[in-house]
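Trainee: mmCIF, C-alpha atoms, saved as final-v1.cif, coming up:
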```cif
data_target
loop_
_atom_site.label_atom_id
_atom_site.label_comp_id
_atom_site.auth_asym_id
_atom_site.auth_seq_id
_atom_site.Cartn_x
_atom_site.Cartn_y
_atom_site.Cartn_z
CA MET A 29 0.00 0.00 0.00
CA GLU A 30 2.76 2.45 -0.94
CA GLU A 31 1.43 5.92 -1.70
CA PRO A 32 2.85 7.86 -4.68
CA HIS A 33 2.77 11.23 -2.96
CA MET A 34 2.04 11.90 0.69
CA ASN A 35 -1.64 11.21 0.22
CA LYS A 36 -2.47 8.23 2.42
CA LEU A 37 -6.22 8.72 2.25
CA GLY A 38 -8.63 5.88 2.95
CA PHE A 39 -12.38 6.05 2.30
CA GLY A 40 -14.23 5.33 5.53
CA PHE A 41 -17.79 4.07 5.15
CA LEU A 42 -19.05 5.23 8.55
CA ARG A 43 -20.23 8.66 7.41
CA LEU A 44 -21.82 8.57 3.96
CA PRO A 45 -23.91 10.92 1.81
CA VAL A 46 -27.62 10.71 2.54
CA THR A 47 -30.77 11.72 0.72
CA PRO A 48 -33.27 14.22 2.19
CA ALA A 49 -35.20 11.15 3.38
CA GLY A 50 -32.20 10.03 5.41
CA GLU A 51 -31.23 7.05 3.25
CA ILE A 52 -27.74 6.45 1.85
CA ASP A 53 -27.45 8.41 -1.40
CA LEU A 54 -26.13 5.56 -3.52
CA SER A 55 -26.00 7.63 -6.70
CA LEU A 56 -23.68 10.21 -5.15
CA LEU A 57 -21.71 7.51 -3.35
CA ASP A 58 -21.11 5.75 -6.67
CA GLN A 59 -19.69 8.96 -8.11
CA MET A 60 -17.46 9.52 -5.08
CA THR A 61 -16.20 5.93 -5.19
CA ASP A 62 -15.32 6.30 -8.88
CA VAL A 63 -13.49 9.59 -8.32
CA PHE A 64 -11.59 8.16 -5.36
CA LEU A 65 -10.34 5.24 -7.47
CA ALA A 66 -9.62 7.47 -10.46
CA HIS A 67 -7.26 9.51 -8.25
CA GLY A 68 -5.17 6.43 -7.55
CA GLN A 69 -6.53 5.75 -4.05
CA ASN A 70 -7.92 2.29 -3.30
CA TYR A 71 -8.38 1.68 0.46
CA PHE A 72 -11.98 1.31 1.68
CA ASP A 73 -13.00 0.69 5.29
CA THR A 74 -16.20 -0.63 6.81
CA ALA A 75 -17.38 -2.59 9.87
CA TYR A 76 -20.19 -4.95 10.82
CA THR A 77 -21.91 -2.38 13.03
CA TYR A 78 -21.44 0.74 10.90
CA LEU A 79 -24.79 2.30 10.04
CA ASP A 80 -26.55 -0.77 11.45
CA GLY A 81 -25.10 -2.96 8.73
CA LYS A 82 -25.92 -0.61 5.87
CA SER A 83 -22.26 0.32 5.49
CA GLU A 84 -21.31 -3.17 4.33
CA TRP A 85 -24.33 -3.14 2.00
CA ALA A 86 -23.12 0.19 0.57
CA ILE A 87 -19.63 -1.25 0.07
CA ARG A 88 -21.14 -4.12 -1.89
CA GLU A 89 -23.39 -1.95 -4.05
CA SER A 90 -21.05 0.98 -4.72
CA LEU A 91 -17.68 -0.76 -4.82
CA VAL A 92 -17.69 -4.56 -5.05
CA LYS A 93 -20.42 -4.91 -7.69
CA ARG A 94 -19.04 -2.07 -9.83
CA HIS A 95 -15.26 -2.50 -9.80
CA PRO A 96 -12.82 -5.40 -10.27
CA ARG A 97 -11.75 -6.97 -6.98
CA SER A 98 -8.10 -6.36 -7.85
CA SER A 99 -8.69 -2.60 -8.11
CA PHE A 100 -9.34 -1.95 -4.42
CA LEU A 101 -8.31 -2.90 -0.90
CA LEU A 102 -11.16 -3.67 1.49
CA ALA A 103 -10.94 -3.53 5.27
CA ASP A 104 -13.63 -4.87 7.59
CA LYS A 105 -13.90 -5.46 11.33
CA LEU A 106 -15.15 -8.28 13.51
CA PRO A 107 -17.44 -7.07 16.32
CA GLY A 108 -15.48 -9.17 18.78
CA TYR A 109 -17.27 -7.67 21.75
CA LYS A 110 -20.44 -9.44 20.58
CA MET A 111 -18.86 -12.91 20.67
CA THR A 112 -20.19 -15.51 23.11
CA SER A 113 -18.07 -18.36 21.75
CA HIS A 114 -15.12 -18.96 19.43
CA GLU A 115 -17.55 -20.32 16.86
CA ASP A 116 -19.28 -16.92 16.74
CA CYS A 117 -16.18 -15.54 15.00
CA TYR A 118 -16.85 -17.79 12.00
CA ARG A 119 -20.55 -17.00 11.95
CA TYR A 120 -20.06 -13.23 11.94
CA PHE A 121 -17.24 -13.43 9.40
CA LYS A 122 -19.37 -15.47 7.01
CA GLU A 123 -22.18 -12.93 7.37
CA GLN A 124 -19.74 -10.14 6.53
CA GLN A 125 -18.52 -12.02 3.47
CA ASP A 126 -22.12 -12.42 2.34
CA ARG A 127 -22.96 -8.77 3.01
CA CYS A 128 -19.94 -7.52 1.08
CA GLN A 129 -19.94 -10.37 -1.48
CA VAL A 130 -16.20 -10.96 -1.27
CA ASP A 131 -14.10 -14.08 -0.74
CA PHE A 132 -11.45 -12.32 1.31
CA PHE A 133 -10.61 -9.03 3.02
CA ASP A 134 -7.32 -7.26 2.44
CA VAL A 135 -7.35 -6.04 6.04
CA TYR A 136 -9.42 -7.61 8.81
CA LEU A 137 -9.46 -6.11 12.28
CA LEU A 138 -10.91 -6.81 15.68
CA HIS A 139 -13.22 -3.88 16.24
CA TRP A 140 -12.91 -1.49 19.17
CA LEU A 141 -10.48 -3.17 21.55
CA ASN A 142 -10.35 -1.75 25.06
CA GLY A 143 -9.82 -3.37 28.44
CA LYS A 144 -13.26 -4.99 28.56
CA HIS A 145 -13.31 -6.06 24.93
CA TYR A 146 -9.75 -7.39 25.10
CA GLU A 147 -10.84 -9.79 27.85
CA ILE A 148 -13.59 -11.06 25.52
CA ALA A 149 -11.09 -11.38 22.67
CA GLU A 150 -8.79 -13.51 24.78
CA LYS A 151 -11.61 -15.60 26.20
CA TYR A 152 -12.89 -16.56 22.76
CA ARG A 153 -9.47 -16.78 21.04
CA GLU A 154 -10.18 -14.02 18.55
CA PHE A 155 -6.50 -13.43 17.74
CA GLU A 156 -6.21 -17.12 16.95
CA PHE A 157 -9.14 -16.67 14.57
CA LEU A 158 -7.32 -13.81 12.82
CA GLU A 159 -4.29 -16.01 12.30
CA GLU A 160 -6.44 -18.76 10.80
CA LEU A 161 -7.92 -16.24 8.35
CA LYS A 162 -4.41 -15.30 7.22
CA LYS A 163 -3.38 -18.93 6.78
CA THR A 164 -6.44 -19.69 4.66
CA GLY A 165 -6.14 -16.51 2.58
CA LYS A 166 -9.40 -15.02 3.79
CA ALA A 167 -7.56 -12.06 5.29
CA ILE A 168 -4.28 -10.74 3.92
CA LYS A 169 -3.37 -8.48 6.85
CA THR A 170 -4.83 -8.36 10.38
CA GLY A 171 -4.93 -6.10 13.40
CA PHE A 172 -7.35 -4.25 15.63
CA SER A 173 -8.91 -0.85 16.15
CA TYR A 174 -8.19 0.53 19.58
CA HIS A 175 -9.66 2.88 22.19
CA ASP A 176 -7.82 2.70 25.49
CA SER A 177 -4.53 3.52 27.22
CA ALA A 178 -1.03 3.25 25.77
CA ASP A 179 -0.07 0.89 28.60
CA LEU A 180 -2.75 -1.63 27.67
CA LEU A 181 -1.82 -1.28 24.00
CA ASP A 182 1.76 -2.14 24.91
CA GLU A 183 0.51 -5.24 26.75
CA ILE A 184 -1.63 -6.37 23.81
CA LEU A 185 1.11 -5.90 21.22
CA THR A 186 3.62 -7.66 23.44
CA ARG A 187 1.30 -10.64 23.69
CA HIS A 188 0.21 -10.52 20.04
CA PRO A 189 3.14 -9.44 17.85
CA GLU A 190 1.61 -11.34 14.94
CA VAL A 191 -0.82 -8.55 13.97
CA ASP A 192 0.08 -6.18 11.15
CA TYR A 193 -1.90 -3.03 11.97
CA VAL A 194 -3.22 -0.95 14.80
CA GLN A 195 -6.03 1.49 14.02
CA LEU A 196 -5.85 4.51 16.33
CA GLN A 197 -7.74 7.73 16.90
CA ILE A 198 -5.18 10.37 15.97
CA ASN A 199 -5.66 14.08 15.41
CA TYR A 200 -3.94 17.23 16.58
CA LEU A 201 -6.63 17.95 19.17
CA ASP A 202 -6.27 14.54 20.85
CA TRP A 203 -2.49 14.29 20.39
CA GLU A 204 -1.74 15.14 24.03
CA SER A 205 -5.13 14.11 25.45
CA SER A 206 -4.84 12.31 28.78
CA SER A 207 -7.87 10.15 27.93
CA ILE A 208 -7.40 9.42 24.20
CA GLN A 209 -3.57 9.37 24.43
CA SER A 210 -3.06 9.70 20.68
CA ARG A 211 0.66 10.45 20.85
CA ARG A 212 1.45 7.78 23.44
CA CYS A 213 -0.55 5.13 21.58
CA TYR A 214 1.13 6.06 18.29
CA GLU A 215 4.57 5.84 19.90
CA THR A 216 3.66 2.46 21.37
CA ALA A 217 2.72 1.15 17.92
CA VAL A 218 6.00 2.51 16.54
CA LYS A 219 7.94 0.77 19.35
CA HIS A 220 6.39 -2.54 18.33
CA GLY A 221 7.02 -1.93 14.62
CA LYS A 222 3.35 -1.82 13.68
CA LYS A 223 1.91 0.24 10.86
CA VAL A 224 -0.86 2.62 11.92
CA ILE A 225 -4.25 3.27 10.36
CA VAL A 226 -5.73 6.56 11.55
CA MET A 227 -9.39 7.07 12.42
CA GLU A 228 -11.06 10.35 13.39
CA PRO A 229 -8.36 12.60 11.87
CA VAL A 230 -10.88 15.45 11.72
CA LYS A 231 -12.57 14.39 15.00
CA GLY A 232 -16.01 13.88 13.58
CA GLY A 233 -15.85 17.20 11.69
CA ALA A 234 -14.85 19.32 14.70
CA LEU A 235 -11.52 20.18 13.07
CA ALA A 236 -13.24 21.19 9.83
CA ALA A 237 -15.36 23.90 11.49
CA LEU A 238 -13.20 25.60 14.09
CA PRO A 239 -14.40 28.38 16.39
CA GLU A 240 -13.53 31.85 15.11
CA LYS A 241 -10.36 32.43 17.12
CA ALA A 242 -8.87 29.05 16.26
CA GLY A 243 -9.89 29.45 12.63
CA ARG A 244 -8.09 32.78 12.38
CA LEU A 245 -4.85 31.09 13.43
CA LEU A 246 -5.06 28.73 10.46
CA GLU A 247 -5.88 31.60 8.13
CA LYS A 248 -2.46 33.05 8.96
CA LEU A 249 -0.97 29.97 7.33
CA SER A 250 -3.13 30.10 4.21
CA LEU A 251 -6.40 31.62 3.11
CA ASP A 252 -6.86 28.91 0.49
CA ALA A 253 -6.34 25.71 2.47
CA SER A 254 -9.37 24.24 4.24
CA GLN A 255 -9.32 23.66 7.97
CA ALA A 256 -9.91 19.95 7.40
CA SER A 257 -6.86 19.71 5.15
CA TYR A 258 -4.55 20.66 8.02
CA ALA A 259 -6.06 17.91 10.15
CA ILE A 260 -5.58 15.34 7.38
CA ARG A 261 -2.00 16.52 6.77
CA PHE A 262 -1.19 16.26 10.47
CA ALA A 263 -2.07 12.56 10.46
CA GLU A 264 -0.50 11.88 7.07
CA SER A 265 2.78 13.46 8.20
CA LEU A 266 3.39 10.79 10.84
CA PRO A 267 5.96 8.36 9.37
CA GLN A 268 4.42 5.14 10.71
CA VAL A 269 0.94 6.03 9.44
CA GLU A 270 -0.03 4.10 6.32
CA ILE A 271 -3.71 5.04 5.93
CA VAL A 272 -5.72 8.05 7.13
CA LEU A 273 -9.43 7.24 7.07
CA SER A 274 -11.92 9.95 6.33
CA GLY A 275 -15.69 9.62 6.38
CA MET A 276 -16.78 11.84 3.50
CA ASN A 277 -20.36 12.67 2.59
CA THR A 278 -19.92 15.28 -0.16
CA MET A 279 -17.91 15.42 -3.35
CA GLU A 280 -16.33 18.66 -2.12
CA GLN A 281 -14.95 16.90 0.97
CA LEU A 282 -13.61 14.07 -1.16
CA LEU A 283 -11.82 16.34 -3.62
CA ASP A 284 -10.35 18.44 -0.83
CA ASN A 285 -9.02 15.33 0.91
CA LEU A 286 -7.60 13.96 -2.34
CA ALA A 287 -5.51 17.07 -3.02
CA CYS A 288 -1.81 16.24 -3.01
CA ARG A 289 -0.11 17.68 0.04
CA GLN A 290 3.31 18.23 1.54
CA PRO A 291 4.14 17.12 5.08
CA LEU A 292 3.48 19.70 7.79
CA THR A 293 6.32 22.03 8.65
CA GLU A 294 7.30 22.46 12.29
CA TYR A 295 5.78 25.93 12.23
CA GLU A 296 2.47 24.67 10.83
CA GLN A 297 2.38 21.99 13.49
CA SER A 298 2.99 24.55 16.23
CA VAL A 299 0.08 26.63 14.93
CA LEU A 300 -2.19 23.57 14.98
CA PHE A 301 -1.27 22.85 18.58
CA GLU A 302 -2.01 26.47 19.45
CA ALA A 303 -5.41 26.15 17.75
CA ALA A 304 -5.99 22.92 19.68
CA GLY A 305 -5.48 24.79 22.95
CA LEU A 306 -8.15 27.31 21.99
CA LEU A 307 -10.45 24.55 20.77
CA ARG A 308 -10.22 22.54 23.99
CA ASN A 309 -11.52 25.55 25.87
CA SER A 310 -14.50 25.93 23.54
CA ILE A 311 -15.74 22.33 23.13
CA ALA A 312 -18.24 21.49 25.84
CA VAL A 313 -18.73 17.87 24.72
CA PRO A 314 -15.84 16.17 22.84
CA CYS A 315 -18.17 13.91 20.84
CA THR A 316 -16.95 12.61 17.46
CA GLY A 317 -20.46 11.85 16.21
CA CYS A 318 -19.78 8.14 15.59
CA GLY A 319 -23.35 7.30 16.65
CA TYR A 320 -22.52 4.08 18.52
CA CYS A 321 -24.55 5.40 21.46
CA VAL A 322 -27.80 5.71 19.49
CA SER A 323 -28.59 2.13 18.47
CA GLY A 324 -28.85 0.83 22.03
CA CYS A 325 -30.79 3.79 23.44
CA PRO A 326 -34.25 2.61 24.56
CA LYS A 327 -35.60 6.14 24.00
CA LYS A 328 -33.99 6.51 20.55
CA ILE A 329 -32.34 9.80 21.48
CA HIS A 330 -30.13 11.09 18.66
CA ILE A 331 -27.38 11.93 21.12
CA PRO A 332 -24.66 13.21 18.73
CA GLU A 333 -27.06 15.69 17.15
CA TYR A 334 -27.94 17.17 20.52
CA PHE A 335 -24.28 17.39 21.49
CA ARG A 336 -23.46 19.12 18.20
CA LEU A 337 -26.19 21.67 18.85
CA TYR A 338 -25.06 22.14 22.46
CA ASN A 339 -21.46 22.74 21.39
CA GLU A 340 -22.64 25.32 18.89
CA TYR A 341 -24.63 27.03 21.63
CA LYS A 342 -21.71 27.03 24.09
CA GLN A 343 -19.37 28.47 21.46
CA ASN A 344 -21.89 31.14 20.44
CA PRO A 345 -24.21 31.74 23.42
CA GLY A 346 -25.47 34.95 21.84
CA ASP A 347 -27.06 32.83 19.11
CA GLY A 348 -29.11 30.86 21.62
CA TRP A 349 -32.30 32.45 20.38
CA LYS A 350 -31.60 31.01 16.92
CA ILE A 351 -30.43 27.61 18.13
CA ALA A 352 -33.31 27.00 20.55
CA PRO A 353 -35.99 26.58 17.82
CA VAL A 354 -33.79 23.97 16.11
CA TYR A 355 -33.59 22.08 19.39
CA GLN A 356 -37.36 22.30 19.85
CA ASN A 357 -37.98 20.93 16.35
CA MET A 358 -35.64 18.03 17.05
CA THR A 359 -37.36 17.08 20.30
CA ALA A 360 -40.77 17.37 18.67
CA SER A 361 -39.86 14.75 16.07
CA GLY A 362 -38.20 12.21 18.36
CA GLY A 363 -36.58 11.41 21.68
CA GLY A 364 -34.97 14.36 23.45
CA PRO A 365 -32.57 14.76 26.40
CA ALA A 366 -35.53 15.05 28.78
CA ASP A 367 -36.52 11.49 27.83
CA CYS A 368 -33.24 10.02 29.11
CA ILE A 369 -33.92 7.41 31.82
CA GLY A 370 -30.30 7.20 32.96
CA CYS A 371 -29.77 3.54 31.96
CA LYS A 372 -26.27 4.43 30.68
CA LYS A 373 -26.36 1.92 27.85
CA CYS A 374 -25.02 4.74 25.71
CA GLU A 375 -21.98 5.16 27.95
CA GLY A 376 -21.10 1.50 27.56
CA SER A 377 -21.09 2.01 23.78
CA CYS A 378 -19.01 5.21 23.67
CA PRO A 379 -15.41 4.80 22.39
CA GLN A 380 -14.60 8.18 23.95
CA THR A 381 -15.90 6.99 27.37
CA LEU A 382 -17.95 10.17 27.72
CA PRO A 383 -20.34 10.68 30.66
CA ILE A 384 -23.20 10.93 28.20
CA THR A 385 -26.06 11.02 30.69
CA LYS A 386 -24.41 13.93 32.52
CA PHE A 387 -23.93 15.80 29.26
CA LEU A 388 -27.56 15.13 28.27
CA SER A 389 -28.57 16.71 31.56
CA ASP A 390 -26.46 19.75 30.64
CA VAL A 391 -28.17 19.96 27.26
CA ARG A 392 -31.59 19.71 28.87
CA GLU A 393 -30.72 22.47 31.34
CA ALA A 394 -29.44 24.73 28.57
CA PHE A 395 -32.46 24.39 26.33
CA ASP A 396 -35.48 23.00 28.16
CA ASP A 397 -34.95 25.11 31.28
CA ARG A 398 -33.50 28.35 29.97
CA HIS A 399 -35.48 28.56 26.74
CA SER A 400 -38.82 27.15 27.87
#
```
Spell out the structure here as structure tokens.
Mentor:
Amino acid sequence: MEEPHMNKLGFGFLRLPVTPAGEIDLSLLDQMTDVFLAHGQNYFDTAYTYLDGKSEWAIRESLVKRHPRSSFLLADKLPGYKMTSHEDCYRYFKEQQDRCQVDFFDVYLLHWLNGKHYEIAEKYREFEFLEELKKTGKAIKTGFSYHDSADLLDEILTRHPEVDYVQLQINYLDWESSSIQSRRCYETAVKHGKKVIVMEPVKGGALAALPEKAGRLLEKLSLDASQASYAIRFAESLPQVEIVLSGMNTMEQLLDNLACRQPLTEYEQSVLFEAAGLLRNSIAVPCTGCGYCVSGCPKKIHIPEYFRLYNEYKQNPGDGWKIAPVYQNMTASGGGPADCIGCKKCEGSCPQTLPITKFLSDVREAFDDRHS
């Protein structure tokens, strides 16, 4: 997977274009897939749970059915945390093959390893399963996506040196985060000689729409470059990074991400870290919008949407009068923060380990109480 320039872009199928009715816009996705391949990029990423299974369906329809298998690299992930036996690994893998209509995956990962999920992986011999896939040619390279401490990552890689990749959340905002530990996890992967696949380089879009003060810092570097491009370049500039995944839902985003780029200079990196300091002070809820919290919510609360609105309100409190009606329309059409029953199923599904129920209470106080 050597890249001709510095562009290490991978097409992530977690965030996809949608129609006004909320369905995947397959026509636009087909166009984006074609353009991505035409620009010499070929790495596509999905997972069993993405978009409640629709992501793998979209991969099949937009990519597998329309392009030769030799023209692309396909990565998928086993939801190892759902396993209740070793045999489950085979059952889920076969379902993924059927969904995607492929005989093999170029990269196959255990999805979302952390302390709890690593215990499940060991109990049901999921790493052993990965090795069997490699021996039988059903997976060319293996690894895992990871959300936990650098110390645990070191333990896992020490015990399982056979994996090829580690997929990590890396961006300039989380680089020195004490909870995400982007830098420390990256350095741990480097120590073990593992190639890195980057997820959340733009942190769910937060680094593509910076608050005014942080945005002005980047404008000093260039008035032409997009804010998102600096985030992508930050991840691409790391030597051990092989792929930087981006979930793109417009052609404009795709073309911007495909633009050939030079590695960041030390000065540019220093400006990004300065912007990160300003951004940390303005983000009330560091949600990436992955949506894992929504599917298990008994009240069907669209949690990321409320957090996005709340962050906008906290960054621009003077616009509360404009934001409040949007909030009211959202609650009128579905579950709202006031409907939360505190079961915390959402918190068990959050890769960022956010105290979601507490934040929902903050959202409710900001809008239901102050704007009622």
Trainee: Would you please work out which residue, of A:Lys342, A:Arg127, A:Arg261, A:Arg97, is nearest to Tyr200 (chain A) when using all atoms listed in the file?
Mentor: A:Arg261
Trainee: Near region 150-153 of chain A, within 8 Å and counting all atoms listed in the file, which residues show up once chain neighbours fewer than 2 positions away are dropped, as JSON, numbers by chain?
Mentor: {"A": [111, 112, 113, 114, 146, 147, 148, 155, 156, 157]}
Trainee: Please, could you write that set of residues out with C-alpha atoms as a JSON list (two decimals), keeping the file's coordinate frame?
Mentor:
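Contents of selection28.json, as written:
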```json
[["chain", "number", "residue", "atom", "x", "y", "z"],
["A", 111, "MET", "CA", -18.86, -12.91, 20.67],
["A", 112, "THR", "CA", -20.19, -15.51, 23.11],
["A", 113, "SER", "CA", -18.07, -18.36, 21.75],
["A", 114, "HIS", "CA", -15.12, -18.96, 19.43],
["A", 146, "TYR", "CA", -9.75, -7.39, 25.10],
["A", 147, "GLU", "CA", -10.84, -9.79, 27.85],
["A", 148, "ILE", "CA", -13.59, -11.06, 25.52],
["A", 155, "PHE", "CA", -6.50, -13.43, 17.74],
["A", 156, "GLU", "CA", -6.21, -17.12, 16.95],
["A", 157, "PHE", "CA", -9.14, -16.67, 14.57]]
```
Trainee: For a cutoff of 7 Å around the file-coordinate point (-11.5, 0.4, 20.2), which residues qualify once you count all atoms listed in the file? I'd like the result as a count of residues only.
Mentor: 9
Trainee: What would the selection look like, as JSON, numbers by chain, if the PyMOL selection byres ((chain A and resi 314) around 10) were run on the coordinates I just shared?
Mentor: {"A": [202, 231, 232, 234, 308, 310, 311, 312, 313, 315, 316, 317, 335, 336, 339, 380, 382]}
Trainee: If the PyMOL selection byres ((chain A and resi 301) around 12) were run on this exact file, what residues would it hold? Put them as a ChimeraX atom specification.
Mentor: /A:199-205,235,242,245-246,258-259,262,294-300,302-308
Trainee: Any chance you could build region 38-57 of chain A out to N, CA, C and O atoms and write it as a short mmCIF file (atom, residue, chain, number, x, y, z; two decimals), keeping the file's coordinate frame?
Mentor:
```
data_model
loop_
_atom_site.label_atom_id
_atom_site.label_comp_id
_atom_site.auth_asym_id
_atom_site.auth_seq_id
_atom_site.Cartn_x
_atom_site.Cartn_y
_atom_site.Cartn_z
N GLY A 38 -7.75 7.03 3.04
CA GLY A 38 -8.63 5.88 2.95
C GLY A 38 -10.07 6.35 3.03
O GLY A 38 -10.38 7.33 3.73
N PHE A 39 -10.96 5.66 2.34
CA PHE A 39 -12.38 6.05 2.30
C PHE A 39 -13.12 5.27 3.39
O PHE A 39 -13.33 4.06 3.27
N GLY A 40 -13.50 5.96 4.44
CA GLY A 40 -14.23 5.33 5.53
C GLY A 40 -15.73 5.34 5.27
O GLY A 40 -16.30 6.39 4.96
N PHE A 41 -16.37 4.19 5.42
CA PHE A 41 -17.79 4.07 5.15
C PHE A 41 -18.62 4.12 6.43
O PHE A 41 -19.62 3.41 6.58
N LEU A 42 -18.23 5.00 7.36
CA LEU A 42 -19.05 5.23 8.55
C LEU A 42 -19.96 6.43 8.35
O LEU A 42 -21.12 6.44 8.77
N ARG A 43 -19.44 7.46 7.69
CA ARG A 43 -20.23 8.66 7.41
C ARG A 43 -20.36 8.78 5.90
O ARG A 43 -19.38 9.02 5.20
N LEU A 44 -21.58 8.62 5.40
CA LEU A 44 -21.82 8.57 3.96
C LEU A 44 -22.85 9.62 3.55
O LEU A 44 -23.63 10.10 4.39
N PRO A 45 -22.89 9.97 2.26
CA PRO A 45 -23.91 10.92 1.81
C PRO A 45 -25.31 10.33 1.98
O PRO A 45 -25.51 9.12 1.78
N VAL A 46 -26.24 11.17 2.35
CA VAL A 46 -27.62 10.71 2.54
C VAL A 46 -28.58 11.57 1.75
O VAL A 46 -28.30 12.73 1.44
N THR A 47 -29.70 11.00 1.42
CA THR A 47 -30.77 11.72 0.72
C THR A 47 -31.55 12.55 1.73
O THR A 47 -31.41 12.37 2.94
N PRO A 48 -32.41 13.46 1.26
CA PRO A 48 -33.27 14.22 2.19
C PRO A 48 -34.13 13.31 3.07
O PRO A 48 -34.52 13.70 4.17
N ALA A 49 -34.39 12.09 2.59
CA ALA A 49 -35.20 11.15 3.38
C ALA A 49 -34.37 10.41 4.41
O ALA A 49 -34.91 9.61 5.18
N GLY A 50 -33.06 10.65 4.41
CA GLY A 50 -32.20 10.03 5.41
C GLY A 50 -31.60 8.70 5.00
O GLY A 50 -30.94 8.05 5.80
N GLU A 51 -31.81 8.29 3.75
CA GLU A 51 -31.23 7.05 3.25
C GLU A 51 -29.86 7.32 2.61
O GLU A 51 -29.57 8.45 2.22
N ILE A 52 -29.03 6.29 2.51
CA ILE A 52 -27.74 6.45 1.85
C ILE A 52 -27.98 6.85 0.39
O ILE A 52 -28.75 6.22 -0.33
N ASP A 53 -27.32 7.93 -0.02
CA ASP A 53 -27.45 8.41 -1.40
C ASP A 53 -26.49 7.61 -2.28
O ASP A 53 -25.34 7.98 -2.49
N LEU A 54 -26.98 6.49 -2.79
CA LEU A 54 -26.13 5.56 -3.52
C LEU A 54 -25.62 6.17 -4.82
O LEU A 54 -24.49 5.89 -5.25
N SER A 55 -26.43 7.00 -5.45
CA SER A 55 -26.00 7.63 -6.70
C SER A 55 -24.77 8.51 -6.48
O SER A 55 -23.78 8.43 -7.22
N LEU A 56 -24.82 9.35 -5.46
CA LEU A 56 -23.68 10.21 -5.15
C LEU A 56 -22.50 9.38 -4.66
O LEU A 56 -21.35 9.64 -5.01
N LEU A 57 -22.78 8.36 -3.86
CA LEU A 57 -21.71 7.51 -3.35
C LEU A 57 -20.99 6.80 -4.49
O LEU A 57 -19.76 6.67 -4.47
#
```
